file structure-v9.txt (compact mmCIF, C-alpha atoms)
# COMPACT_ATOMS: atom_id res chain seq x y z
CA MET A 1 25.20 31.14 -9.35
CA ASN A 2 27.46 28.12 -8.87
CA ALA A 3 26.97 24.44 -8.08
CA VAL A 4 28.78 24.43 -4.72
CA ASP A 5 26.57 27.18 -3.29
CA LEU A 6 23.41 25.39 -4.45
CA ILE A 7 24.57 22.04 -3.06
CA THR A 8 25.28 23.78 0.25
CA ARG A 9 21.81 25.33 0.33
CA LYS A 10 20.12 21.99 -0.26
CA ARG A 11 22.43 20.28 2.27
CA GLU A 12 21.16 22.80 4.82
CA GLY A 13 17.54 21.99 3.94
CA ARG A 14 16.74 25.23 2.16
CA GLU A 15 14.50 25.52 -0.89
CA LEU A 16 16.00 25.86 -4.36
CA SER A 17 14.27 28.18 -6.81
CA ALA A 18 13.09 27.09 -10.26
CA SER A 19 15.92 29.05 -11.91
CA GLU A 20 18.51 27.45 -9.62
CA ILE A 21 17.20 23.97 -10.39
CA ALA A 22 17.19 24.78 -14.11
CA TYR A 23 20.85 25.87 -13.81
CA LEU A 24 21.79 22.57 -12.17
CA ILE A 25 19.91 20.41 -14.69
CA ASP A 26 21.36 22.35 -17.63
CA GLY A 27 24.84 21.86 -16.18
CA CYS A 28 24.12 18.17 -15.73
CA THR A 29 22.87 17.75 -19.31
CA GLN A 30 25.68 19.77 -20.89
CA GLY A 31 28.38 18.09 -18.80
CA LYS A 32 29.40 21.39 -17.19
CA ILE A 33 28.88 20.05 -13.66
CA PRO A 34 31.06 17.02 -12.80
CA ASP A 35 29.75 13.72 -11.49
CA TYR A 36 31.05 14.30 -7.97
CA GLN A 37 29.03 17.51 -7.59
CA ILE A 38 25.88 15.97 -9.09
CA SER A 39 26.34 13.02 -6.71
CA ALA A 40 26.63 15.40 -3.75
CA LEU A 41 23.44 17.15 -4.85
CA LEU A 42 21.59 13.83 -5.13
CA MET A 43 22.63 12.84 -1.62
CA ALA A 44 21.55 16.24 -0.27
CA ILE A 45 18.13 15.78 -1.93
CA PHE A 46 17.94 12.22 -0.57
CA PHE A 47 18.39 13.39 3.03
CA ARG A 48 16.74 16.82 2.90
CA GLY A 49 13.96 16.15 0.41
CA MET A 50 12.18 18.64 -1.82
CA ASN A 51 8.85 20.41 -1.49
CA SER A 52 6.19 20.25 -4.19
CA ARG A 53 7.43 23.44 -5.90
CA GLU A 54 10.95 22.07 -6.15
CA ILE A 55 9.82 18.67 -7.46
CA LEU A 56 7.69 20.35 -10.12
CA ALA A 57 10.58 22.62 -11.16
CA LEU A 58 12.97 19.65 -11.26
CA THR A 59 10.58 17.68 -13.46
CA GLU A 60 10.01 20.62 -15.83
CA SER A 61 13.76 21.18 -16.19
CA MET A 62 14.32 17.49 -16.93
CA VAL A 63 11.52 17.47 -19.52
CA HIS A 64 13.05 20.45 -21.31
CA SER A 65 16.58 19.03 -21.15
CA GLY A 66 15.60 17.26 -24.36
CA GLN A 67 12.85 17.02 -26.93
CA VAL A 68 9.13 16.88 -26.18
CA VAL A 69 7.52 14.49 -28.65
CA ASP A 70 5.14 16.38 -30.94
CA LEU A 71 2.03 14.27 -31.53
CA GLY A 72 -0.06 17.12 -32.87
CA HIS A 73 -0.58 15.24 -36.14
CA LEU A 74 -2.73 12.68 -34.30
CA SER A 75 -6.37 13.76 -34.08
CA GLY A 76 -7.34 11.66 -31.05
CA LEU A 77 -6.36 11.92 -27.41
CA LYS A 78 -3.08 10.40 -26.23
CA VAL A 79 -2.86 8.44 -22.98
CA ASP A 80 -0.24 6.23 -21.34
CA LYS A 81 0.21 3.96 -18.33
CA HIS A 82 3.25 3.51 -16.11
CA SER A 83 4.02 0.98 -13.40
CA THR A 84 6.64 1.55 -10.72
CA GLY A 85 7.79 -2.04 -11.23
CA GLY A 86 7.24 -5.43 -9.71
CA VAL A 87 7.38 -9.18 -10.28
CA GLY A 88 5.23 -10.73 -13.01
CA ASP A 89 3.88 -7.33 -14.07
CA LYS A 90 3.04 -7.71 -17.73
CA THR A 91 0.05 -5.34 -17.69
CA SER A 92 1.43 -3.01 -20.40
CA LEU A 93 1.32 -5.85 -22.94
CA VAL A 94 -2.40 -6.24 -22.28
CA VAL A 95 -3.55 -2.73 -21.48
CA ALA A 96 -1.88 -0.82 -24.31
CA PRO A 97 -3.43 -2.90 -27.16
CA LEU A 98 -6.85 -2.81 -25.45
CA VAL A 99 -6.88 0.97 -25.13
CA ALA A 100 -5.54 1.41 -28.67
CA ALA A 101 -8.29 -0.91 -29.96
CA ALA A 102 -10.78 1.37 -28.20
CA GLY A 103 -9.60 4.31 -30.32
CA ALA A 104 -7.09 6.15 -28.13
CA TYR A 105 -3.41 6.60 -28.96
CA VAL A 106 -0.94 4.95 -26.56
CA PRO A 107 2.67 6.15 -27.04
CA MET A 108 4.54 3.86 -24.64
CA ILE A 109 8.14 4.72 -23.77
CA SER A 110 9.06 1.76 -21.60
CA GLY A 111 11.97 0.51 -19.53
CA ARG A 112 14.09 -2.57 -19.03
CA GLY A 113 14.24 -4.79 -16.00
CA LEU A 114 16.89 -4.27 -13.35
CA GLY A 115 17.37 -6.56 -10.39
CA PHE A 116 14.34 -8.60 -9.34
CA SER A 117 11.91 -6.32 -11.22
CA GLY A 118 11.06 -7.16 -14.83
CA GLY A 119 10.88 -4.70 -17.74
CA THR A 120 8.38 -4.29 -20.57
CA LEU A 121 11.07 -3.96 -23.26
CA ASP A 122 12.69 -7.26 -22.30
CA LYS A 123 9.36 -9.06 -22.48
CA LEU A 124 8.65 -7.61 -25.93
CA GLU A 125 12.14 -8.47 -27.19
CA SER A 126 11.48 -12.12 -26.35
CA ILE A 127 9.16 -12.01 -29.39
CA PRO A 128 11.46 -12.87 -32.33
CA GLY A 129 12.25 -9.78 -34.40
CA PHE A 130 10.40 -7.27 -32.22
CA ASN A 131 12.23 -3.93 -32.52
CA VAL A 132 12.00 -1.49 -29.61
CA ARG A 133 14.87 0.66 -30.94
CA LEU A 134 12.77 2.73 -33.30
CA SER A 135 13.68 6.28 -34.26
CA LEU A 136 11.21 8.92 -33.13
CA SER A 137 9.86 9.22 -36.68
CA GLN A 138 9.38 5.43 -36.90
CA PHE A 139 7.74 5.47 -33.47
CA LYS A 140 5.28 8.14 -34.62
CA GLY A 141 4.54 6.15 -37.77
CA VAL A 142 3.69 2.95 -35.89
CA LEU A 143 1.65 4.98 -33.40
CA GLN A 144 -0.35 6.61 -36.19
CA ASN A 145 -0.98 3.32 -38.02
CA CYS A 146 -1.63 1.04 -35.03
CA GLY A 147 -2.72 3.39 -32.26
CA CYS A 148 0.11 2.11 -30.04
CA ALA A 149 3.88 1.79 -30.22
CA PHE A 150 6.58 0.67 -27.77
CA ILE A 151 10.11 2.09 -27.57
CA GLY A 152 12.82 2.59 -24.99
CA GLN A 153 14.05 5.98 -23.85
CA THR A 154 15.88 7.69 -26.71
CA GLU A 155 18.79 10.15 -26.60
CA GLU A 156 16.37 12.97 -27.42
CA ILE A 157 13.94 12.38 -24.53
CA ALA A 158 14.85 13.68 -21.05
CA PRO A 159 18.64 13.22 -21.42
CA ALA A 160 19.16 14.68 -17.93
CA ASP A 161 17.31 11.69 -16.50
CA ARG A 162 19.74 9.22 -18.05
CA ARG A 163 22.71 10.83 -16.31
CA LEU A 164 20.92 11.34 -13.01
CA TYR A 165 19.58 7.79 -12.98
CA ALA A 166 23.01 6.29 -13.63
CA LEU A 167 24.45 8.30 -10.73
CA ARG A 168 21.52 7.48 -8.42
CA ASP A 169 22.14 3.80 -9.04
CA VAL A 170 25.75 3.98 -7.80
CA THR A 171 25.27 6.52 -4.98
CA ALA A 172 22.48 4.73 -3.04
CA THR A 173 19.94 7.48 -3.81
CA VAL A 174 17.46 5.48 -5.92
CA GLU A 175 14.74 5.45 -3.23
CA SER A 176 14.34 9.25 -2.97
CA ILE A 177 10.70 10.12 -3.70
CA PRO A 178 11.50 13.54 -5.28
CA LEU A 179 14.05 11.89 -7.58
CA ILE A 180 11.74 8.96 -8.42
CA CYS A 181 8.91 11.37 -9.26
CA ALA A 182 11.03 13.59 -11.49
CA SER A 183 12.53 10.59 -13.28
CA ILE A 184 9.16 8.98 -14.05
CA MET A 185 7.22 12.11 -14.89
CA SER A 186 9.89 13.81 -17.02
CA LYS A 187 9.82 10.89 -19.46
CA LYS A 188 6.03 10.62 -19.44
CA VAL A 189 5.32 14.33 -19.93
CA ALA A 190 7.93 14.39 -22.73
CA GLU A 191 5.77 11.85 -24.60
CA GLY A 192 3.28 14.62 -25.39
CA ILE A 193 0.35 12.77 -23.79
CA ASP A 194 -2.96 14.18 -22.54
CA GLY A 195 -3.56 11.64 -19.75
CA LEU A 196 -1.55 9.23 -17.61
CA VAL A 197 -2.59 6.31 -15.39
CA LEU A 198 0.01 5.22 -12.85
CA ASP A 199 0.23 1.85 -11.10
CA VAL A 200 2.23 2.32 -7.90
CA LYS A 201 3.21 -1.08 -6.52
CA VAL A 202 3.46 -1.76 -2.79
CA GLY A 203 4.76 -4.77 -0.88
CA GLU A 204 7.63 -7.26 -0.78
CA GLY A 205 8.11 -7.26 -4.56
CA ALA A 206 8.01 -3.47 -4.93
CA PHE A 207 10.45 -0.65 -4.28
CA MET A 208 7.84 0.86 -1.95
CA ARG A 209 7.43 -1.66 0.89
CA SER A 210 4.85 0.22 3.01
CA LEU A 211 1.44 1.63 2.11
CA GLU A 212 2.48 4.97 3.60
CA GLU A 213 5.49 5.21 1.26
CA ALA A 214 3.43 4.13 -1.75
CA SER A 215 0.66 6.63 -0.95
CA ASP A 216 3.21 9.45 -0.63
CA LEU A 217 4.75 8.52 -3.99
CA ALA A 218 1.36 8.16 -5.72
CA GLN A 219 0.17 11.54 -4.46
CA SER A 220 3.41 13.26 -5.48
CA LEU A 221 3.22 11.77 -8.98
CA VAL A 222 -0.40 12.88 -9.39
CA ASP A 223 0.47 16.38 -8.16
CA ILE A 224 3.30 16.70 -10.69
CA GLY A 225 1.30 15.36 -13.63
CA ASN A 226 -1.69 17.60 -13.02
CA GLY A 227 0.63 20.52 -12.25
CA MET A 228 2.18 20.12 -15.70
CA GLY A 229 -1.16 19.92 -17.50
CA THR A 230 -1.37 16.13 -17.92
CA LYS A 231 -4.49 14.54 -16.42
CA THR A 232 -3.00 12.02 -14.00
CA VAL A 233 -4.38 9.39 -11.63
CA ALA A 234 -2.61 6.65 -9.67
CA PHE A 235 -3.70 3.21 -8.51
CA ILE A 236 -1.86 1.66 -5.58
CA SER A 237 -1.76 -2.12 -6.13
CA ASP A 238 -0.41 -5.09 -4.21
CA MET A 239 2.97 -6.63 -4.99
CA ASN A 240 3.43 -8.90 -1.98
CA GLN A 241 2.92 -11.90 -4.27
CA PRO A 242 3.69 -11.88 -8.02
CA LEU A 243 1.03 -10.64 -10.42
CA GLY A 244 -0.42 -13.51 -12.43
CA LEU A 245 1.36 -16.86 -12.57
CA ALA A 246 4.25 -16.30 -15.00
CA VAL A 247 7.59 -14.68 -14.10
CA GLY A 248 10.15 -14.50 -16.91
CA ASN A 249 10.09 -12.83 -20.30
CA SER A 250 8.64 -15.27 -22.87
CA LEU A 251 6.49 -16.90 -20.16
CA GLU A 252 4.95 -13.51 -19.41
CA VAL A 253 4.30 -12.83 -23.10
CA VAL A 254 2.31 -16.08 -23.25
CA GLU A 255 0.31 -15.06 -20.18
CA ALA A 256 -0.38 -11.60 -21.64
CA ILE A 257 -1.66 -13.16 -24.86
CA GLU A 258 -3.82 -15.58 -22.88
CA THR A 259 -5.27 -12.60 -21.01
CA LEU A 260 -6.10 -10.86 -24.29
CA LYS A 261 -7.84 -14.12 -25.28
CA GLY A 262 -9.95 -13.85 -22.12
CA GLN A 263 -8.17 -16.77 -20.45
CA GLY A 264 -5.67 -15.03 -18.17
CA PRO A 265 -5.30 -15.33 -14.38
CA GLU A 266 -8.02 -13.59 -12.41
CA ASP A 267 -5.78 -11.06 -10.65
CA LEU A 268 -3.95 -10.01 -13.81
CA THR A 269 -7.20 -9.70 -15.77
CA HIS A 270 -8.83 -7.64 -13.03
CA LEU A 271 -5.95 -5.16 -12.76
CA CYS A 272 -5.63 -4.83 -16.55
CA GLU A 273 -9.34 -4.07 -16.83
CA LYS A 274 -9.13 -1.41 -14.11
CA LEU A 275 -6.10 0.26 -15.69
CA ALA A 276 -7.56 0.16 -19.22
CA ILE A 277 -10.94 1.51 -18.09
CA LYS A 278 -9.31 4.45 -16.33
CA MET A 279 -7.02 5.14 -19.30
CA LEU A 280 -9.96 5.15 -21.69
CA ALA A 281 -12.00 7.36 -19.37
CA LEU A 282 -9.15 9.90 -19.24
CA ALA A 283 -8.86 9.84 -23.03
CA SER A 284 -12.62 10.22 -23.64
CA PRO A 285 -14.94 13.21 -23.56
CA PRO A 286 -17.02 13.30 -20.35
CA GLU A 287 -20.19 12.02 -22.00
CA LYS A 288 -18.39 8.84 -23.14
CA ALA A 289 -16.16 8.22 -20.11
CA GLY A 290 -18.92 6.31 -18.30
CA ARG A 291 -19.01 3.72 -21.09
CA ALA A 292 -15.31 2.83 -20.77
CA LYS A 293 -16.00 -0.28 -18.66
CA GLU A 294 -18.47 -1.64 -21.20
CA LYS A 295 -16.06 -0.90 -24.07
CA ILE A 296 -13.06 -2.66 -22.50
CA ALA A 297 -15.16 -5.72 -21.61
CA HIS A 298 -16.33 -5.91 -25.24
CA LEU A 299 -12.76 -5.66 -26.59
CA LEU A 300 -11.65 -8.57 -24.40
CA ARG A 301 -14.64 -10.72 -25.40
CA SER A 302 -14.42 -9.95 -29.10
CA GLY A 303 -10.68 -10.50 -29.45
CA GLU A 304 -10.14 -7.00 -30.89
CA GLY A 305 -7.50 -6.25 -28.25
CA LEU A 306 -5.67 -9.43 -29.24
CA GLU A 307 -5.76 -8.49 -32.93
CA LYS A 308 -4.42 -5.04 -32.07
CA PHE A 309 -1.45 -6.66 -30.30
CA ARG A 310 -0.85 -8.83 -33.39
CA GLN A 311 -0.87 -5.67 -35.53
CA ILE A 312 1.63 -3.91 -33.23
CA ILE A 313 3.96 -6.94 -33.23
CA GLN A 314 3.98 -7.01 -37.03
CA ALA A 315 4.46 -3.24 -37.35
CA GLN A 316 7.52 -3.40 -35.09
CA GLY A 317 9.16 -6.25 -36.99
CA GLY A 318 8.09 -9.09 -34.70
CA ASP A 319 6.67 -12.50 -35.56
CA PRO A 320 2.86 -12.20 -35.28
CA ALA A 321 2.52 -16.00 -35.44
CA VAL A 322 3.46 -16.16 -31.74
CA ILE A 323 -0.14 -15.18 -31.00
CA ASP A 324 -1.30 -18.61 -32.17
CA ASN A 325 1.86 -20.69 -31.74
CA TYR A 326 3.73 -20.20 -28.48
CA SER A 327 6.50 -22.58 -29.58
CA ARG A 328 7.80 -19.73 -31.76
CA LEU A 329 8.83 -17.93 -28.56
CA PRO A 330 12.13 -18.83 -26.85
CA GLN A 331 11.77 -22.13 -24.96
CA ALA A 332 13.90 -23.33 -22.05
CA SER A 333 15.46 -26.77 -22.50
CA HIS A 334 14.37 -28.07 -19.08
CA ARG A 335 11.37 -27.80 -16.77
CA ARG A 336 11.20 -29.09 -13.22
CA ASP A 337 8.66 -28.76 -10.42
CA VAL A 338 9.43 -27.46 -6.95
CA LEU A 339 7.39 -29.59 -4.53
CA THR A 340 5.94 -28.64 -1.18
CA GLN A 341 7.16 -30.53 1.87
CA ARG A 342 3.84 -30.40 3.76
CA SER A 343 0.10 -30.20 3.16
CA GLY A 344 -1.78 -27.02 3.96
CA TYR A 345 -2.68 -23.61 2.59
CA VAL A 346 -0.35 -21.09 1.00
CA VAL A 347 -0.45 -18.22 3.51
CA ALA A 348 2.39 -16.12 2.05
CA LEU A 349 4.25 -15.92 -1.26
CA ASN A 350 7.23 -13.57 -1.33
CA ALA A 351 7.30 -11.79 -4.68
CA ARG A 352 10.83 -10.49 -4.16
CA LYS A 353 12.23 -14.01 -3.65
CA ILE A 354 10.47 -15.26 -6.80
CA GLY A 355 11.84 -12.27 -8.73
CA GLU A 356 15.35 -12.90 -7.41
CA ALA A 357 15.12 -16.58 -8.34
CA SER A 358 13.98 -15.69 -11.86
CA MET A 359 16.86 -13.21 -12.16
CA ALA A 360 19.34 -15.87 -11.00
CA LEU A 361 18.08 -18.19 -13.74
CA GLY A 362 19.02 -15.48 -16.25
CA ALA A 363 15.65 -13.78 -16.83
CA GLY A 364 16.77 -10.52 -15.19
CA ARG A 365 19.78 -8.24 -14.88
CA GLU A 366 22.13 -7.67 -11.99
CA LYS A 367 23.78 -4.85 -13.98
CA VAL A 368 22.38 -2.54 -16.65
CA ASP A 369 24.52 -4.17 -19.38
CA SER A 370 23.89 -7.80 -18.34
CA GLN A 371 22.63 -10.19 -21.02
CA ILE A 372 19.36 -11.96 -20.28
CA ASP A 373 17.89 -15.32 -21.26
CA TYR A 374 14.37 -14.78 -22.63
CA SER A 375 13.38 -18.43 -22.30
CA VAL A 376 13.81 -19.02 -18.55
CA GLY A 377 11.55 -18.22 -15.64
CA ILE A 378 9.11 -19.55 -13.09
CA LEU A 379 5.49 -20.59 -13.56
CA LEU A 380 3.60 -20.50 -10.28
CA ARG A 381 1.22 -23.38 -9.63
CA LYS A 382 -0.14 -22.09 -6.30
CA LYS A 383 -0.80 -18.65 -4.82
CA ILE A 384 -1.98 -17.27 -1.49
CA GLY A 385 -5.21 -18.97 -0.36
CA ASP A 386 -4.67 -22.15 -2.41
CA PHE A 387 -4.57 -25.60 -0.77
CA VAL A 388 -1.56 -27.80 -1.54
CA GLU A 389 -0.95 -31.49 -0.80
CA LYS A 390 2.46 -32.73 0.37
CA ASP A 391 4.74 -33.34 -2.65
CA GLU A 392 2.42 -31.32 -4.92
CA PRO A 393 4.08 -28.70 -7.19
CA LEU A 394 4.24 -25.12 -5.91
CA ALA A 395 5.95 -23.86 -9.07
CA THR A 396 7.57 -25.07 -12.28
CA VAL A 397 11.05 -23.76 -13.04
CA HIS A 398 12.01 -23.30 -16.72
CA PHE A 399 15.81 -23.43 -16.99
CA ASN A 400 18.72 -24.13 -19.34
CA SER A 401 21.43 -24.98 -16.80
CA GLU A 402 21.26 -27.68 -14.13
CA SER A 403 23.46 -25.60 -11.85
CA LYS A 404 21.05 -22.67 -12.16
CA PHE A 405 18.14 -24.86 -11.06
CA GLU A 406 20.09 -26.10 -8.05
CA GLU A 407 20.89 -22.48 -7.21
CA VAL A 408 17.26 -21.28 -7.20
CA GLN A 409 15.30 -24.33 -6.00
CA ALA A 410 15.62 -23.46 -2.31
CA THR A 411 14.81 -19.79 -2.97
CA VAL A 412 11.58 -20.71 -4.75
CA LEU A 413 10.60 -23.15 -2.00
CA ASN A 414 11.36 -20.58 0.71
CA ALA A 415 9.23 -17.97 -1.06
CA PHE A 416 6.14 -20.01 -0.11
CA VAL A 417 4.82 -20.26 3.45
CA VAL A 418 2.38 -23.16 3.93
CA GLY A 419 0.19 -23.19 7.05
CA PRO A 420 -2.76 -25.13 8.48
CA ALA A 421 -5.42 -22.41 8.11
CA ARG A 422 -6.52 -20.65 4.95
CA VAL A 423 -5.98 -16.92 4.55
CA ASP A 424 -7.53 -14.69 1.91
CA PRO A 425 -5.25 -13.29 -0.80
CA PRO A 426 -4.26 -9.66 -0.17
CA SER A 427 -6.56 -7.10 -1.77
CA LEU A 428 -5.15 -6.31 -5.21
CA ILE A 429 -6.07 -2.63 -5.48
CA LYS A 430 -5.42 -0.69 -2.29
CA SER A 431 -6.60 2.76 -3.37
CA LEU A 432 -6.94 5.25 -6.21
CA VAL A 433 -5.47 8.76 -6.08
CA GLU A 434 -7.37 11.02 -8.47
CA THR A 435 -6.94 14.57 -7.18
CA SER A 436 -4.00 16.82 -6.39
CA ARG A 437 -3.30 18.08 -2.89
call {"tool": "encode", "arguments": {"input": "structure-v9.txt", "output": "structure tokens"}}
result
Amino acid sequence: MNAVDLITRKREGRELSASEIAYLIDGCTQGKIPDYQISALLMAIFFRGMNSREILALTESMVHSGQVVDLGHLSGLKVDKHSTGGVGDKTSLVVAPLVAAAGAYVPMISGRGLGFSGGTLDKLESIPGFNVRLSLSQFKGVLQNCGCAFIGQTEEIAPADRRLYALRDVTATVESIPLICASIMSKKVAEGIDGLVLDVKVGEGAFMRSLEEASDLAQSLVDIGNGMGTKTVAFISDMNQPLGLAVGNSLEVVEAIETLKGQGPEDLTHLCEKLAIKMLALASPPEKAGRAKEKIAHLLRSGEGLEKFRQIIQAQGGDPAVIDNYSRLPQASHRRDVLTQRSGYVVALNARKIGEASMALGAGREKVDSQIDYSVGILLRKKIGDFVEKDEPLATVHFNSESKFEEVQATVLNAFVVGPARVDPPSLIKSLVETSR
């Protein structure tokens, strides 16, 4: 068995066996196969694809390239949630504390933002002192004490994914569904969870632009999860306009806290409730699953989800006072409104353009090692279906550099389309994939 022969087989569209895929992933992890051969393999997979057997074998090999987190010391069920990424998506900051407050364990290995798409770890690190670089033993300790903990991917978990992802990023193979599936699911299965709820984004502010692409990805992810013994379901949700009103790290933390106080935007609250209910149902015995909706509604009303988030912040070294005093979060030195040039209704709001504008302000990364500014971002004042008068604010830009504002002002304005007739906002949840093919 050698890498060139296997690359040739995949280039010709033939199926690779589980043992052949394991050989390639082991060579990738151990550094025995050079970057140029791994890159050639990735491009062959990009063009030729993989069938369900190959994707499952690839995911299993990537899981076992490192350590599977042992959570056997926790008596309850373990469940997680993963989003494929979008603009203004701060659902993890709301959903994880809610589900933990309901009694399930939520071990959340999260990612950073790249490009126009924000990342959970960056949002959390905007809370002064919050430490996402826990060791696995520290992670388990916080999880046991709080019911939820947040960390980034460690060296022990799915190391093959780190090398493959870095190469995908520079070889134009990021959008391959087999590679996306294996990357996501290898990290999630390695968490040692019993259930997983996925939120596959679709639209202008998502990596999957069409419903057909998103449905294919959602189904493949569900197939892999269930095939590896993890109960898995996937929502497909809209990302044509940003989720909620806040885009930018500390601004999104404020909005997440407001949502846990029962005062968040309607779309964000609705999606968080749906995700949390499904997570709790997966983590509950059948006779209690039907009460998940009632339980989550109670936790939002009572403030128990909010108090759980406060507990997690404190356990991970953060300043819990941010819950009650938002001025303790990073604040931009300037705020300025972007005004509409005509009266009418917002008929479109391009999430990608808003995300790109936020990134240009400094809230996101153009490269993996770019530094970000936690204080900057964009607060939307209008969304699709809203009426706006001429010279009324469409959005408020939070910035620290006058030149940055000048750079993004036109982008923000062009993200909005104002027309004479009202249109309804796009449906937030497109579908739910619950069963394997």
call {"tool": "residues_around", "arguments": {"input": "structure-v9.txt", "residues": "A:Lys390", "least_positions_apart": "5", "cutoff": "8 Å", "atoms": "only C-alpha atoms", "output": "list in words"}}
result
Leu339, Thr340, Gln341, Arg342, Ser343 and Gly344 of chain A
call {"tool": "atom_distance", "arguments": {"input": "structure-v9.txt", "atom1": "atom CA of A:Pro330", "atom2": "atom CA of A:Arg352"}}
result
24.2 Å
call {"tool": "atom_distance", "arguments": {"input": "structure-v9.txt", "atom1": "atom CA of A:Val202", "atom2": "atom CA of A:Asn240"}}
result
7.2 Å
call {"tool": "residues_around", "arguments": {"input": "structure-v9.txt", "residues": "A:Gly227", "least_positions_apart": "3", "cutoff": "12 Å", "atoms": "all atoms listed in the file", "output": "ChimeraX atom specification"}}
result
/A:52-53,55-57,59-60,185,189,219-224,230-232,435-437
call {"tool": "atom_distance", "arguments": {"input": "structure-v9.txt", "atom1": "atom CA of A:Val346", "atom2": "atom CA of A:Phe416"}}
result
6.7 Å
call {"tool": "closest_residue", "arguments": {"input": "structure-v9.txt", "among": "A:Lys201, A:Lys32, A:Arg328, A:Lys274", "to": "A:Pro128", "atoms": "all atoms listed in the file"}}
result
A:Arg328
call {"tool": "residues_around", "arguments": {"input": "structure-v9.txt", "residues": "A:His64", "least_positions_apart": "5", "cutoff": "12 Å", "atoms": "all atoms listed in the file", "output": "list of chain:residue names"}}
result
A:Ala22, A:Ile25, A:Asp26, A:Thr29, A:Ala57, A:Leu58, A:Thr59, A:Val69, A:Glu156, A:Ile157, A:Ala158, A:Pro159, A:Ala160, A:Asp161, A:Ser186, A:Lys187, A:Val189, A:Ala190, A:Glu191
call {"tool": "residues_around", "arguments": {"input": "structure-v9.txt", "residues": "stretch 143-150 of chain A", "least_positions_apart": "3", "cutoff": "9 Å", "atoms": "only C-alpha atoms", "output": "short mmCIF file (atom, residue, chain, number, x, y, z; two decimals) with C-alpha atoms, in the coordinates of the input"}}
result
data_model
loop_
_atom_site.label_atom_id
_atom_site.label_comp_id
_atom_site.auth_asym_id
_atom_site.auth_seq_id
_atom_site.Cartn_x
_atom_site.Cartn_y
_atom_site.Cartn_z
CA HIS A 73 -0.58 15.24 -36.14
CA LEU A 74 -2.73 12.68 -34.30
CA ALA A 96 -1.88 -0.82 -24.31
CA PRO A 97 -3.43 -2.90 -27.16
CA VAL A 99 -6.88 0.97 -25.13
CA ALA A 100 -5.54 1.41 -28.67
CA ALA A 101 -8.29 -0.91 -29.96
CA GLY A 103 -9.60 4.31 -30.32
CA ALA A 104 -7.09 6.15 -28.13
CA TYR A 105 -3.41 6.60 -28.96
CA VAL A 106 -0.94 4.95 -26.56
CA PRO A 107 2.67 6.15 -27.04
CA MET A 108 4.54 3.86 -24.64
CA ILE A 109 8.14 4.72 -23.77
CA SER A 110 9.06 1.76 -21.60
CA THR A 120 8.38 -4.29 -20.57
CA LEU A 121 11.07 -3.96 -23.26
CA LEU A 124 8.65 -7.61 -25.93
CA ASN A 131 12.23 -3.93 -32.52
CA VAL A 132 12.00 -1.49 -29.61
CA ARG A 133 14.87 0.66 -30.94
CA LEU A 134 12.77 2.73 -33.30
CA GLN A 138 9.38 5.43 -36.90
CA PHE A 139 7.74 5.47 -33.47
CA LYS A 140 5.28 8.14 -34.62
CA LYS A 308 -4.42 -5.04 -32.07
CA PHE A 309 -1.45 -6.66 -30.30
CA GLN A 311 -0.87 -5.67 -35.53
CA ILE A 312 1.63 -3.91 -33.23
CA ALA A 315 4.46 -3.24 -37.35
CA GLN A 316 7.52 -3.40 -35.09
#
call {"tool": "closest_residue", "arguments": {"input": "structure-v9.txt", "among": "A:Gly27, A:Gly225, A:Pro425, A:Gly318", "to": "A:Ser65", "atoms": "all atoms listed in the file"}}
result
A:Gly27
call {"tool": "residues_around", "arguments": {"input": "structure-v9.txt", "residues": "stretch 366-374 of chain A", "least_positions_apart": "2", "cutoff": "9 Å", "atoms": "all atoms listed in the file", "output": "list in words"}}
result
Arg112, Gly113, Leu114, Gly115, Phe116, Asp122, Lys123, Glu125, Ser126, Ile127, Gly248, Asn249, Ser250, Leu251, Leu329, Pro330, Gln331, Ala332, Met359, Ala360, Leu361, Gly362, Ala363, Gly364, Val376 and Gly377 of chain A
call {"tool": "closest_residue", "arguments": {"input": "structure-v9.txt", "among": "A:Val418, A:Val87, A:Val94, A:Leu41", "to": "A:Leu271", "atoms": "only C-alpha atoms"}}
result
A:Val94
call {"tool": "closest_residue", "arguments": {"input": "structure-v9.txt", "among": "A:Tyr165, A:Tyr36, A:Phe399, A:Phe46", "to": "A:Ala357", "atoms": "all atoms listed in the file"}}
result
A:Phe399
call {"tool": "closest_residue", "arguments": {"input": "structure-v9.txt", "among": "A:Leu280, A:Leu379, A:Ala351, A:Leu268", "to": "A:Leu93", "atoms": "all atoms listed in the file"}}
result
A:Leu268
call {"tool": "closest_residue", "arguments": {"input": "structure-v9.txt", "among": "A:Gly129, A:Gly205, A:Gly192, A:Gly141", "to": "A:Thr84", "atoms": "all atoms listed in the file"}}
result
A:Gly205
call {"tool": "residues_near_point", "arguments": {"input": "structure-v9.txt", "point": "(8.4, -1.4, -2.0)", "cutoff": "10 Å", "atoms": "only C-alpha atoms", "output": "PyMOL selection string"}}
result
chain A and resi 84-86+175+200-211+213-214+238-240+352
call {"tool": "decode", "arguments": {"input": "structure-v9.txt", "residues": "stretch 401-411 of chain A", "atoms": "C-alpha atoms", "output": "short mmCIF file (atom, residue, chain, number, x, y, z; two decimals), in the first residue's frame"}}
result
data_model
loop_
_atom_site.label_atom_id
_atom_site.label_comp_id
_atom_site.auth_asym_id
_atom_site.auth_seq_id
_atom_site.Cartn_x
_atom_site.Cartn_y
_atom_site.Cartn_z
CA SER A 401 -10.60 54.03 13.69
CA GLU A 402 -12.15 56.73 11.51
CA SER A 403 -10.54 55.19 8.43
CA LYS A 404 -12.15 51.84 9.24
CA PHE A 405 -15.59 53.45 9.39
CA GLU A 406 -15.05 55.15 6.03
CA GLU A 407 -13.98 51.78 4.63
CA VAL A 408 -17.12 49.90 5.71
CA GLN A 409 -19.87 52.54 5.53
CA ALA A 410 -20.69 51.87 1.88
CA THR A 411 -20.58 48.09 2.41
#
